[in-house]
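Data block for target.txt (compact mmCIF, C-alpha atoms and all ligand atoms):
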```
# COMPACT_ATOMS: atom_id res chain seq x y z
CA MET I 576 19.32 -13.75 -24.43
CA SER I 577 22.30 -16.05 -23.88
CA PRO I 578 22.98 -19.04 -26.12
CA LEU I 579 22.20 -22.46 -24.65
CA VAL I 580 25.20 -24.38 -23.47
CA ASP I 581 24.78 -28.10 -23.02
CA GLY I 582 25.96 -29.83 -19.94
CA ARG I 583 25.16 -29.83 -16.29
CA TYR I 584 24.31 -26.67 -14.39
CA ASP I 585 24.81 -25.97 -10.74
CA VAL I 586 21.36 -24.46 -10.46
CA ILE I 587 18.33 -24.30 -12.74
CA VAL I 588 15.85 -21.54 -11.89
CA VAL I 589 12.35 -21.83 -13.34
CA GLY I 590 10.67 -18.43 -13.77
CA ALA I 591 12.20 -15.02 -14.45
CA GLY I 592 10.03 -12.90 -12.17
CA PRO I 593 11.64 -10.91 -9.33
CA ALA I 594 12.15 -14.08 -7.24
CA GLY I 595 13.94 -16.13 -9.90
CA ILE I 596 15.94 -13.19 -11.19
CA ALA I 597 17.20 -12.15 -7.73
CA CYS I 598 18.26 -15.72 -7.01
CA SER I 599 19.97 -16.24 -10.38
CA THR I 600 21.83 -12.93 -10.27
CA LEU I 601 23.42 -13.64 -6.90
CA LEU I 602 24.31 -17.23 -7.73
CA ALA I 603 25.87 -16.22 -11.05
CA ARG I 604 27.90 -13.51 -9.29
CA HIS I 605 29.39 -16.29 -7.15
CA ASP I 606 30.47 -18.13 -10.29
CA LEU I 607 27.82 -20.83 -10.16
CA ARG I 608 26.57 -22.10 -13.50
CA VAL I 609 23.00 -20.86 -13.45
CA LEU I 610 20.31 -21.42 -16.05
CA LEU I 611 17.24 -19.18 -15.80
CA LEU I 612 14.23 -20.37 -17.81
CA ASP I 613 11.02 -18.49 -18.61
CA LYS I 614 8.11 -19.33 -20.86
CA ALA I 615 7.64 -15.66 -21.85
CA ARG I 616 9.53 -13.46 -24.23
CA PHE I 617 10.60 -10.25 -22.46
CA PRO I 618 9.47 -7.55 -22.11
CA ARG I 619 6.31 -9.17 -20.79
CA GLU I 620 3.53 -7.80 -18.60
CA LYS I 621 2.63 -9.41 -15.29
CA ILE I 622 -0.51 -8.90 -13.24
CA CYS I 623 0.48 -6.47 -10.56
CA GLY I 624 -0.56 -3.22 -8.93
CA ASP I 625 2.84 -2.00 -10.16
CA CYS I 626 3.70 -0.35 -6.82
CA ILE I 627 7.19 -1.17 -5.66
CA ASN I 628 7.61 -1.13 -1.89
CA PRO I 629 10.54 0.92 -0.48
CA LYS I 630 11.71 -2.27 1.27
CA CYS I 631 12.93 -3.40 -2.17
CA TRP I 632 15.72 -0.80 -2.35
CA PRO I 633 18.37 -2.69 -0.33
CA ILE I 634 17.79 -5.66 -2.64
CA PHE I 635 18.05 -3.47 -5.73
CA GLU I 636 21.38 -2.24 -4.29
CA LEU I 637 22.51 -5.81 -3.70
CA LEU I 638 21.60 -6.81 -7.26
CA GLY I 639 23.34 -3.70 -8.64
CA VAL I 640 20.32 -2.11 -10.32
CA ALA I 641 19.48 0.70 -7.87
CA SER I 642 21.28 3.48 -9.71
CA THR I 643 19.91 2.39 -13.10
CA LEU I 644 16.42 2.47 -11.63
CA ARG I 645 16.93 5.90 -10.09
CA GLN I 646 18.09 7.21 -13.45
CA GLN I 647 14.79 6.07 -15.00
CA GLY I 648 12.88 9.09 -13.66
CA LEU I 649 10.76 7.11 -11.22
CA HIS I 650 7.08 7.81 -10.68
CA VAL I 651 7.13 8.33 -6.90
CA VAL I 652 3.96 7.39 -4.98
CA ASP I 653 3.69 9.64 -1.92
CA SER I 654 0.25 8.91 -0.45
CA PHE I 655 -2.65 6.49 -0.41
CA ARG I 656 -6.40 6.88 -0.23
CA LEU I 657 -8.74 4.02 0.61
CA THR I 658 -12.50 4.29 0.15
CA ASN I 659 -14.73 1.60 1.59
CA SER I 660 -17.98 0.51 -0.02
CA ALA I 661 -19.96 3.01 2.08
CA GLY I 662 -17.78 5.91 0.93
CA VAL I 663 -15.74 6.24 4.15
CA VAL I 664 -12.26 7.46 3.23
CA VAL I 665 -8.96 6.79 4.97
CA ARG I 666 -5.88 8.53 3.66
CA GLY I 667 -2.28 8.66 4.64
CA LYS I 668 1.15 9.83 3.61
CA ILE I 669 3.83 7.50 2.40
CA LEU I 670 7.06 9.07 3.47
CA PRO I 671 8.98 9.71 0.25
CA GLU I 672 12.48 9.17 1.61
CA SER I 673 14.48 10.92 -1.03
CA ASP I 674 16.46 8.12 -2.63
CA SER I 675 14.38 5.08 -1.64
CA PRO I 676 10.76 5.96 -2.35
CA LEU I 677 7.76 3.81 -3.07
CA PHE I 678 7.37 4.03 -6.84
CA SER I 679 5.16 2.70 -9.57
CA ILE I 680 6.47 1.10 -12.75
CA LYS I 681 5.13 -1.27 -15.37
CA ARG I 682 6.36 -4.76 -14.62
CA SER I 683 7.35 -5.17 -18.27
CA ILE I 684 9.95 -2.44 -17.64
CA LEU I 685 11.10 -3.49 -14.17
CA ASP I 686 11.41 -7.21 -14.87
CA THR I 687 13.27 -6.67 -18.16
CA LEU I 688 15.75 -4.37 -16.45
CA LEU I 689 16.32 -6.99 -13.73
CA LEU I 690 16.61 -9.79 -16.27
CA GLU I 691 19.21 -7.98 -18.37
CA ASN I 692 21.19 -7.42 -15.19
CA ALA I 693 21.02 -11.14 -14.37
CA ALA I 694 22.35 -11.99 -17.84
CA ARG I 695 25.18 -9.46 -17.40
CA SER I 696 26.00 -11.09 -14.06
CA GLY I 697 26.60 -14.39 -15.85
CA ALA I 698 23.26 -16.22 -15.59
CA ARG I 699 22.27 -18.01 -18.77
CA VAL I 700 18.78 -16.91 -19.70
CA LEU I 701 16.45 -18.85 -21.97
CA GLU I 702 13.18 -17.11 -22.84
CA LYS I 703 10.20 -18.75 -24.57
CA THR I 704 11.10 -21.95 -22.80
CA THR I 705 8.30 -23.60 -20.87
CA VAL I 706 9.25 -26.09 -18.22
CA VAL I 707 6.92 -29.05 -18.59
CA ASP I 708 8.41 -31.49 -16.13
CA VAL I 709 10.88 -31.59 -13.28
CA GLN I 710 12.28 -34.59 -11.43
CA TRP I 711 14.87 -35.03 -8.76
CA SER I 712 16.35 -37.81 -6.75
CA VAL I 713 18.86 -38.06 -3.94
CA GLY I 714 22.35 -38.33 -5.34
CA ARG I 715 21.38 -37.83 -9.01
CA GLY I 716 20.26 -34.22 -8.82
CA VAL I 717 17.62 -32.51 -10.85
CA VAL I 718 16.27 -33.11 -14.37
CA VAL I 719 14.23 -30.38 -16.07
CA ARG I 720 12.33 -30.90 -19.33
CA THR I 721 11.20 -28.03 -21.50
CA ALA I 722 9.03 -27.24 -24.50
CA GLY I 723 8.53 -24.03 -26.48
CA GLU I 724 10.89 -22.31 -28.86
CA ASN I 725 13.76 -24.32 -27.39
CA ARG I 726 11.87 -27.57 -27.68
CA PHE I 727 12.37 -30.75 -25.73
CA LEU I 728 15.48 -29.86 -23.86
CA GLU I 729 16.53 -32.15 -21.07
CA LEU I 730 18.62 -30.19 -18.62
CA ARG I 731 20.45 -31.32 -15.50
CA ALA I 732 21.53 -29.51 -12.36
CA ASP I 733 22.44 -30.01 -8.72
CA TYR I 734 19.72 -27.64 -7.47
CA LEU I 735 16.31 -26.57 -8.70
CA VAL I 736 14.63 -23.30 -7.79
CA GLY I 737 10.90 -23.04 -8.51
CA ALA I 738 10.14 -19.35 -9.04
CA ASP I 739 7.39 -19.94 -11.55
CA GLY I 740 4.61 -17.90 -10.01
CA ARG I 741 1.15 -18.71 -8.72
CA ASN I 742 0.46 -21.71 -10.92
CA SER I 743 3.88 -23.15 -10.27
CA LEU I 744 4.62 -26.43 -11.99
CA VAL I 745 7.48 -27.04 -9.57
CA ALA I 746 5.07 -26.66 -6.62
CA LYS I 747 2.69 -29.17 -8.24
CA ARG I 748 5.50 -31.69 -8.68
CA ILE I 749 6.58 -31.21 -5.07
CA LEU I 750 3.01 -31.80 -3.94
CA GLU I 751 2.77 -34.95 -6.05
CA LYS I 752 6.00 -36.19 -4.55
CA GLY I 753 4.65 -35.56 -1.08
CA GLY I 754 7.44 -33.08 -0.42
CA ILE I 755 5.05 -30.64 1.23
CA PRO I 756 3.98 -31.73 4.66
CA GLN I 757 0.26 -31.30 5.30
CA GLY I 758 -1.21 -29.50 8.29
CA ARG I 759 -0.08 -26.11 9.51
CA HIS I 760 2.62 -25.74 6.87
CA GLY I 761 0.84 -27.70 4.19
CA GLU I 762 -1.51 -26.62 1.45
CA ARG I 763 -4.56 -24.93 2.84
CA ARG I 764 -7.75 -25.68 1.00
CA ILE I 765 -9.85 -22.65 0.10
CA SER I 766 -13.60 -22.90 -0.25
CA ASP I 767 -14.94 -21.87 -3.67
CA LYS I 768 -16.87 -19.05 -2.03
CA ARG I 769 -13.66 -17.42 -0.82
CA LEU I 770 -11.64 -18.03 -3.97
CA ARG I 771 -10.32 -14.80 -5.49
CA VAL I 772 -8.43 -14.03 -8.67
CA GLY I 773 -6.34 -11.05 -9.78
CA VAL I 774 -7.42 -8.87 -12.71
CA GLN I 775 -5.29 -6.11 -14.17
CA TRP I 776 -5.21 -3.68 -17.06
CA HIS I 777 -3.49 -0.48 -18.09
CA THR I 778 -5.60 2.57 -18.81
CA HIS I 779 -4.76 6.17 -19.68
CA HIS I 780 -3.19 8.49 -17.07
CA GLN I 781 -5.67 9.47 -14.31
CA PRO I 782 -4.76 13.07 -13.30
CA GLN I 783 -7.09 13.02 -10.27
CA ALA I 784 -4.93 10.28 -8.69
CA GLY I 785 -1.81 12.43 -9.00
CA SER I 786 0.99 10.71 -7.10
CA ALA I 787 -1.32 8.71 -4.81
CA VAL I 788 -2.32 5.08 -4.97
CA GLU I 789 -6.08 4.76 -4.54
CA PHE I 790 -7.92 1.73 -3.21
CA PHE I 791 -11.62 0.96 -3.34
CA LEU I 792 -13.34 -1.82 -1.43
CA PHE I 793 -16.47 -3.44 -2.83
CA ALA I 794 -18.59 -6.41 -1.82
CA LEU I 795 -16.67 -8.98 -3.84
CA GLY I 796 -13.15 -7.64 -3.74
CA TYR I 797 -10.99 -4.54 -3.95
CA CYS I 798 -9.22 -2.47 -6.57
CA GLY I 799 -6.07 -0.32 -6.64
CA ILE I 800 -5.38 2.46 -9.17
CA VAL I 801 -2.02 4.19 -9.63
CA ASN I 802 -0.39 6.25 -12.36
CA VAL I 803 2.77 4.57 -13.63
CA ASP I 804 3.98 7.45 -15.81
CA ASP I 805 2.64 10.54 -17.60
CA ARG I 806 0.60 8.47 -20.01
CA ALA I 807 -0.62 5.35 -18.25
CA ALA I 808 -2.24 4.13 -15.04
CA THR I 809 -2.49 0.60 -13.70
CA VAL I 810 -5.79 -0.80 -12.45
CA ALA I 811 -5.33 -3.97 -10.38
CA MET I 812 -8.22 -5.81 -8.81
CA VAL I 813 -8.87 -8.86 -6.70
CA THR I 814 -12.31 -10.39 -7.18
CA THR I 815 -14.19 -13.65 -7.79
CA PRO I 816 -13.36 -15.99 -10.69
CA ASP I 817 -16.89 -15.49 -12.13
CA LEU I 818 -16.52 -11.72 -12.29
CA ALA I 819 -13.04 -12.02 -13.78
CA ARG I 820 -14.50 -14.23 -16.52
CA LEU I 821 -17.24 -11.66 -17.12
CA GLY I 822 -14.51 -9.05 -17.65
CA GLN I 823 -13.15 -11.05 -20.58
CA HIS I 824 -16.35 -10.75 -22.64
CA ASP I 825 -18.43 -7.88 -21.18
CA PHE I 826 -16.09 -5.26 -19.75
CA PRO I 827 -18.76 -2.55 -18.97
CA ARG I 828 -20.87 -5.04 -16.97
CA PHE I 829 -17.78 -6.35 -15.21
CA LEU I 830 -16.90 -2.78 -14.17
CA GLU I 831 -20.46 -2.19 -12.89
CA LYS I 832 -20.38 -5.32 -10.77
CA THR I 833 -16.91 -4.76 -9.35
CA LEU I 834 -15.24 -1.35 -8.99
CA TYR I 835 -18.31 0.74 -9.86
CA SER I 836 -20.44 -1.09 -7.29
CA ASN I 837 -18.57 1.31 -4.99
CA PRO I 838 -20.33 4.60 -5.94
CA ALA I 839 -17.33 6.71 -4.89
CA ALA I 840 -15.15 4.91 -7.45
CA ARG I 841 -17.55 5.67 -10.30
CA ILE I 842 -17.52 9.38 -9.40
CA ARG I 843 -13.77 9.60 -8.93
CA PHE I 844 -12.68 7.43 -11.87
CA PRO I 845 -15.50 7.69 -14.43
CA SER I 846 -13.27 6.87 -17.36
CA LEU I 847 -11.20 3.71 -17.20
CA THR I 848 -10.90 2.82 -20.86
CA PRO I 849 -11.47 -0.84 -21.71
CA PRO I 850 -8.16 -2.65 -21.82
CA GLU I 851 -6.40 -4.07 -24.84
CA VAL I 852 -5.49 -6.95 -22.59
CA LEU I 853 -7.34 -7.84 -19.41
CA SER I 854 -4.99 -10.15 -17.55
CA THR I 855 -6.12 -12.53 -14.87
CA ALA I 856 -4.16 -14.56 -12.30
CA TYR I 857 -5.53 -17.46 -10.36
CA PRO I 858 -5.85 -18.03 -7.44
CA ILE I 859 -4.99 -15.11 -5.17
CA HIS I 860 -5.64 -16.44 -1.72
CA PRO I 861 -2.29 -17.34 -0.18
CA ARG I 862 -1.54 -20.96 0.55
CA LEU I 863 1.64 -21.71 2.36
CA HIS I 864 3.81 -24.15 0.49
CA GLU I 865 6.73 -25.34 2.56
CA ASN I 866 9.32 -27.39 0.86
CA GLY I 867 10.72 -30.49 2.52
CA GLU I 868 13.29 -31.22 -0.20
CA ARG I 869 16.89 -30.17 0.28
CA ARG I 870 17.73 -29.58 -3.37
CA VAL I 871 14.50 -28.00 -4.51
CA PHE I 872 13.51 -24.51 -3.42
CA LEU I 873 10.16 -22.87 -3.90
CA ILE I 874 10.27 -19.08 -3.78
CA GLY I 875 8.07 -16.05 -4.44
CA ASP I 876 4.51 -16.51 -5.65
CA ALA I 877 5.23 -20.20 -6.28
CA ARG I 878 4.79 -20.56 -2.52
CA GLN I 879 1.51 -18.65 -2.71
CA THR I 880 1.96 -16.91 0.59
CA VAL I 881 1.30 -13.32 -0.33
CA GLU I 882 -1.91 -11.30 -0.42
CA PRO I 883 -1.38 -8.51 -3.00
CA PHE I 884 -3.18 -5.75 -1.05
CA THR I 885 -0.15 -4.51 0.92
CA GLY I 886 2.03 -4.19 -2.20
CA GLU I 887 4.80 -6.37 -0.80
CA GLY I 888 4.73 -9.22 -3.35
CA VAL I 889 7.76 -8.11 -5.35
CA PHE I 890 9.69 -7.52 -2.12
CA PHE I 891 8.86 -10.96 -0.67
CA ALA I 892 9.71 -12.57 -4.00
CA MET I 893 13.12 -10.93 -4.24
CA GLN I 894 13.84 -11.50 -0.56
CA GLU I 895 13.12 -15.20 -0.95
CA GLY I 896 15.28 -15.25 -4.09
CA VAL I 897 18.18 -13.79 -2.11
CA LEU I 898 17.68 -16.22 0.77
CA ALA I 899 17.49 -19.24 -1.53
CA ALA I 900 20.72 -18.13 -3.23
CA GLN I 901 22.41 -17.72 0.15
CA ARG I 902 21.27 -21.16 1.21
CA ILE I 903 22.52 -22.81 -1.95
CA LEU I 904 25.88 -21.05 -1.64
CA HIS I 905 26.13 -22.07 2.00
CA ALA I 906 25.20 -25.68 1.25
CA ARG I 907 27.82 -25.95 -1.48
CA ASN I 908 30.58 -24.61 0.72
CA SER I 909 29.63 -26.51 3.81
CA PRO I 910 29.47 -30.26 4.41
CA VAL I 911 26.64 -29.71 6.89
CA PRO I 912 23.21 -29.65 5.24
CA PHE I 913 20.77 -26.94 6.13
CA LEU I 914 18.61 -27.52 9.11
CA SER I 915 15.61 -25.77 7.72
CA GLN I 916 14.57 -24.34 4.41
CA SER I 917 11.65 -22.34 5.66
CA ILE I 918 11.81 -18.74 4.55
CA HIS I 919 10.56 -15.55 6.23
CA PRO I 920 6.77 -15.45 6.50
CA PRO I 921 4.88 -12.43 5.17
CA SER I 922 4.45 -9.46 7.53
CA TRP I 923 1.59 -9.53 10.02
CA ALA I 924 -0.10 -6.73 8.05
CA ASN I 925 -0.07 -8.94 4.97
CA ARG I 926 -1.49 -11.90 6.87
CA PHE I 927 -4.09 -9.70 8.48
CA SER I 928 -5.18 -8.20 5.17
CA THR I 929 -5.61 -11.71 3.78
CA LEU I 930 -8.03 -12.49 6.55
CA LEU I 931 -9.78 -9.18 6.32
CA LEU I 932 -10.19 -8.95 2.58
CA SER I 933 -11.69 -12.38 2.27
CA HIS I 934 -14.50 -11.05 4.49
CA GLY I 935 -15.53 -7.82 2.72
CA ARG I 936 -17.67 -6.56 5.60
CA SER I 937 -14.78 -6.72 8.10
CA ALA I 938 -12.60 -4.63 5.77
CA ASP I 939 -15.39 -2.04 5.54
CA LEU I 940 -15.71 -1.92 9.33
CA LEU I 941 -11.98 -1.59 9.82
CA THR I 942 -11.94 1.36 7.42
CA VAL I 943 -14.56 3.05 9.61
CA LEU I 944 -12.44 2.35 12.69
CA ALA I 945 -9.30 3.72 10.99
CA SER I 946 -11.16 6.86 9.94
CA ARG I 947 -12.15 7.46 13.60
CA LEU I 948 -8.71 6.57 15.02
CA PRO I 949 -6.39 8.18 12.49
CA PHE I 950 -3.24 7.54 14.57
CA LEU I 951 -3.59 3.85 13.54
CA VAL I 952 -3.01 4.64 9.87
CA PRO I 953 0.65 5.74 9.93
CA PHE I 954 1.43 2.83 12.26
CA VAL I 955 0.06 0.25 9.80
CA ALA I 956 1.67 2.06 6.85
CA ARG I 957 5.07 1.96 8.57
CA THR I 958 4.74 -1.80 9.13
CA ILE I 959 4.06 -2.38 5.47
CA LEU I 960 6.67 0.00 4.12
CA ARG I 961 9.68 -0.70 6.36
C1 LIG I 1001 -3.89 -8.06 -8.60
C2 LIG I 1001 -2.48 -8.07 -8.08
C3 LIG I 1001 -1.88 -6.89 -7.66
C4 LIG I 1001 -0.58 -6.90 -7.15
N1 LIG I 1001 0.01 -5.73 -6.79
C5 LIG I 1001 1.27 -5.72 -6.33
C6 LIG I 1001 1.92 -4.48 -6.03
O1 LIG I 1001 1.40 -3.38 -6.23
N2 LIG I 1001 3.19 -4.54 -5.55
C7 LIG I 1001 3.85 -5.73 -5.33
O2 LIG I 1001 5.00 -5.72 -4.87
N3 LIG I 1001 3.26 -6.91 -5.63
C8 LIG I 1001 2.00 -6.93 -6.13
N4 LIG I 1001 1.42 -8.11 -6.49
C9 LIG I 1001 2.16 -9.37 -6.26
C10 LIG I 1001 3.32 -9.52 -7.22
O3 LIG I 1001 2.90 -9.32 -8.54
C11 LIG I 1001 3.92 -10.93 -7.07
O4 LIG I 1001 4.01 -11.26 -5.71
C12 LIG I 1001 5.31 -11.04 -7.72
O5 LIG I 1001 5.24 -10.82 -9.10
C13 LIG I 1001 5.88 -12.43 -7.45
O6 LIG I 1001 7.08 -12.59 -8.16
P1 LIG I 1001 7.60 -14.05 -8.59
O7 LIG I 1001 8.95 -13.85 -9.16
O8 LIG I 1001 7.41 -14.98 -7.46
O9 LIG I 1001 6.57 -14.55 -9.70
P2 LIG I 1001 6.11 -13.90 -11.14
O10 LIG I 1001 6.43 -12.46 -11.10
O11 LIG I 1001 4.75 -14.37 -11.29
O12 LIG I 1001 7.09 -14.60 -12.15
C14 LIG I 1001 6.93 -15.96 -12.47
C15 LIG I 1001 7.59 -16.19 -13.84
O13 LIG I 1001 7.56 -17.60 -14.09
C16 LIG I 1001 7.28 -17.81 -15.47
N5 LIG I 1001 6.72 -19.16 -15.60
C17 LIG I 1001 5.56 -19.63 -15.08
N6 LIG I 1001 5.41 -20.94 -15.36
C18 LIG I 1001 6.51 -21.31 -16.07
C19 LIG I 1001 6.94 -22.54 -16.66
N7 LIG I 1001 6.22 -23.68 -16.55
N8 LIG I 1001 8.11 -22.55 -17.34
C20 LIG I 1001 8.86 -21.41 -17.45
N9 LIG I 1001 8.49 -20.24 -16.91
C21 LIG I 1001 7.35 -20.18 -16.22
C22 LIG I 1001 6.31 -16.68 -15.83
O14 LIG I 1001 6.32 -16.41 -17.22
C23 LIG I 1001 6.86 -15.52 -14.99
O15 LIG I 1001 7.76 -14.72 -15.73
C24 LIG I 1001 0.13 -8.13 -7.04
C25 LIG I 1001 -0.46 -9.32 -7.49
C26 LIG I 1001 -1.73 -9.30 -8.01
C27 LIG I 1001 -2.32 -10.57 -8.50
```

Just give me the structure as structure tokens.
Amino acid sequence: MSPLVDGRYDVIVVGAGPAGIACSTLLARHDLRVLLLDKARFPREKICGDCINPKCWPIFELLGVASTLRQQGLHVVDSFRLTNSAGVVVRGKILPESDSPLFSIKRSILDTLLLENAARSGARVLEKTTVVDVQWSVGRGVVVRTAGENRFLELRADYLVGADGRNSLVAKRILEKGGIPQGRHGERRISDKRLRVGVQWHTHHQPQAGSAVEFFLFALGYCGIVNVDDRAATVAMVTTPDLARLGQHDFPRFLEKTLYSNPAARIRFPSLTPPEVLSTAYPIHPRLHENGERRVFLIGDARQTVEPFTGEGVFFAMQEGVLAAQRILHARNSPVPFLSQSIHPPSWANRFSTLLLSHGRSADLLTVLASRLPFLVPFVARTILR
């Protein structure tokens, strides 16, 4: 989008998802020289349930995109319906507060809108630019090397922000450098049996879903379905790597073994056309990456802290982007270095769902409990949505 300008930047941000964009926009607004790099050409899709949590609205306001979004004719999501693998249903209302609702939108649309806003705010954006190496040292700052359309650039900055998603290169480099302390805040190993990946595709509009988001639990994962506009619906699933691989070459069998292994899903959504593109993301299980470096920040999915089920990923990503920007601004204006770079942990509901969903049977049992004690449902929904 913007032409490359040689020279040193104040901040280089790797990854133009919600985390990197939020961070870049705020830093650029404060007149920092910000370079935002992404390997994709926008608009690009991103594996996501495409439900945007109402908690995002204050950040949209802060970034200056709220009114543009509202003018888009948003697809408001006003309720949810969860069916466990035995057919027990729990449903609830999502309070559609008039101007800050939960809505669904293709990530290609949302992220492009945010990115254009970042460029307007003064961030330099380079698409089709893959970061292949990052280095930093005390006193000499950060060096970032790229490949792609803008080949073999060597870029320098005072600060580096790793917002490059679940397979973050920046996180790998930090790990190699020993910048992530092990133990409680270190990388948690996940056994192969519990490893889960994300799978997503767009299918045609599903009238029976209306303005609800529907979830189905099955033995080896869960699936969410939501209409994103009058023509399309998003199907987002978390399941095992083997089943995700099956989806790439035998879609009908994949569907049988995942979503349709819940009989209620087959009856309710009998027609989920095979996708043009079946996207997968790996891995899903959150691992907490804490960053010990003072000039390198890891934000959003690069920290791998979020379980997608509660639909808070975009919110956490943007929130961490805002916090990282605030910390960089504070550090530049203050001679006192930050005491801590740890960023807000995910909500308890998100942590709990991580635990629950990696043990399919517990999620089934909790659904039964929630169906018998319906007063629990609005309480949990409020925690996730506010
Ligand atoms: C199945 C599933 C369903 C989900 N459903 C929801 C939902 O309904 N609601 C919700 O809020 N969240 C949901 N999430 C989570 C949400 O998608 C993420 O939490 C969110 O996108 C994280 O944003 P981010 O900016 O950290 O990373 P991303 O959005 O992943 O952005 C990372 C960017 O970095 C770029 N990149 C990666 N590597 C490099 C590199 N080496 N060089 C340059 N660029 C690079 C990528 O191209 C990408 O644009 C879901 C996730 C999954 C897997």

Counting only C-alpha atoms and all ligand atoms, what are the residues of chain I within 6 Å of ligand LIG 1001 (chain I), and for each of them which pair of atoms is the nearest and at what distance in Å, to one decimal? Sort the table by chain and rising number, as CSV.
```
residue,atom,partner,partner_atom,distance
I:Val589,CA,I:LIG1001,C20,5.4
I:Gly590,CA,I:LIG1001,O13,3.2
I:Ala591,CA,I:LIG1001,O15,4.6
I:Gly592,CA,I:LIG1001,O7,3.3
I:Pro593,CA,I:LIG1001,O7,4.0
I:Ala594,CA,I:LIG1001,O7,3.7
I:Gly595,CA,I:LIG1001,O7,5.5
I:Leu612,CA,I:LIG1001,C20,5.5
I:Asp613,CA,I:LIG1001,N9,3.5
I:Lys614,CA,I:LIG1001,C20,4.1
I:Ala615,CA,I:LIG1001,O14,4.9
I:Ile622,CA,I:LIG1001,C27,5.3
I:Cys623,CA,I:LIG1001,C4,3.6
I:Gly624,CA,I:LIG1001,O1,3.3
I:Asp625,CA,I:LIG1001,O1,4.4
I:Cys626,CA,I:LIG1001,O1,3.8
I:Ile627,CA,I:LIG1001,O2,5.1
I:Thr704,CA,I:LIG1001,C20,5.8
I:Thr705,CA,I:LIG1001,N8,3.7
I:Val706,CA,I:LIG1001,N8,3.8
I:Val707,CA,I:LIG1001,N7,5.8
I:Ala738,CA,I:LIG1001,O8,5.4
I:Asp739,CA,I:LIG1001,O13,3.5
I:Gly740,CA,I:LIG1001,O11,3.8
I:Ser743,CA,I:LIG1001,N6,5.8
I:Leu744,CA,I:LIG1001,N7,5.6
I:Gly773,CA,I:LIG1001,C1,4.0
I:Val774,CA,I:LIG1001,C1,5.5
I:Ala811,CA,I:LIG1001,C1,4.7
I:Met812,CA,I:LIG1001,C1,4.9
I:Val813,CA,I:LIG1001,C1,5.4
I:Ala856,CA,I:LIG1001,C27,5.8
I:Gly875,CA,I:LIG1001,O8,3.3
I:Asp876,CA,I:LIG1001,O8,3.7
I:Ala877,CA,I:LIG1001,O8,5.8
I:Pro883,CA,I:LIG1001,C24,4.3
I:Gly886,CA,I:LIG1001,N2,3.6
I:Glu887,CA,I:LIG1001,O2,4.1
I:Gly888,CA,I:LIG1001,O4,3.2
I:Val889,CA,I:LIG1001,O2,3.7
I:Phe890,CA,I:LIG1001,O2,5.7
I:Ala892,CA,I:LIG1001,O8,4.8
```

Applying 7 Å and only C-alpha atoms, which residues near Val665 (chain I) remain after dropping the ones on its own chain fewer than 3 positions away? List them as a PDB file with C-alpha atoms, in the frame of the given file.
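Output saved as part_25.pdb:
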```pdb
ATOM      1  CA  ARG I 656      -6.400   6.880  -0.230  1.00  0.00           C
ATOM      2  CA  LEU I 657      -8.740   4.020   0.610  1.00  0.00           C
ATOM      3  CA  THR I 658     -12.500   4.290   0.150  1.00  0.00           C
ATOM      4  CA  THR I 942     -11.940   1.360   7.420  1.00  0.00           C
ATOM      5  CA  ALA I 945      -9.300   3.720  10.990  1.00  0.00           C
ATOM      6  CA  SER I 946     -11.160   6.860   9.940  1.00  0.00           C
TER       7      SER I 946
END
```

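A straight line drawn from CA of His779 (chain I) to CA of Arg843 (chain I) is 14.4 Å long.
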
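Among I:Leu644, I:Ala794, I:Phe635, I:Tyr835, the residue with the shortest atom-to-atom distance to Asp939 (chain I), counting only C-alpha atoms, is I:Ala794.
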
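With CA of Asp804 (chain I) on one side and CA of Val651 (chain I) on the other, the separation reads 9.5 Å.
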
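For Leu818 (chain I), the set of protein, DNA and RNA residues having any atom at most 8 Å away, when counting only C-alpha atoms and skipping those fewer than 5 positions along the same chain, is Phe829, Lys832 and Thr833 of chain I.
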
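With all atoms listed in the file as the atoms that count, the minimum distance from Leu649 (chain I) to the choices I:Val586, I:Val952, I:Ile634, I:Val803 is reached by I:Val803.
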
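Comparing the minimum interatomic distances between Val897 (chain I) and each of I:Tyr584, I:Ala597, I:Tyr734, I:Ala698, counting all atoms listed in the file, we find that I:Ala597 sits nearest.
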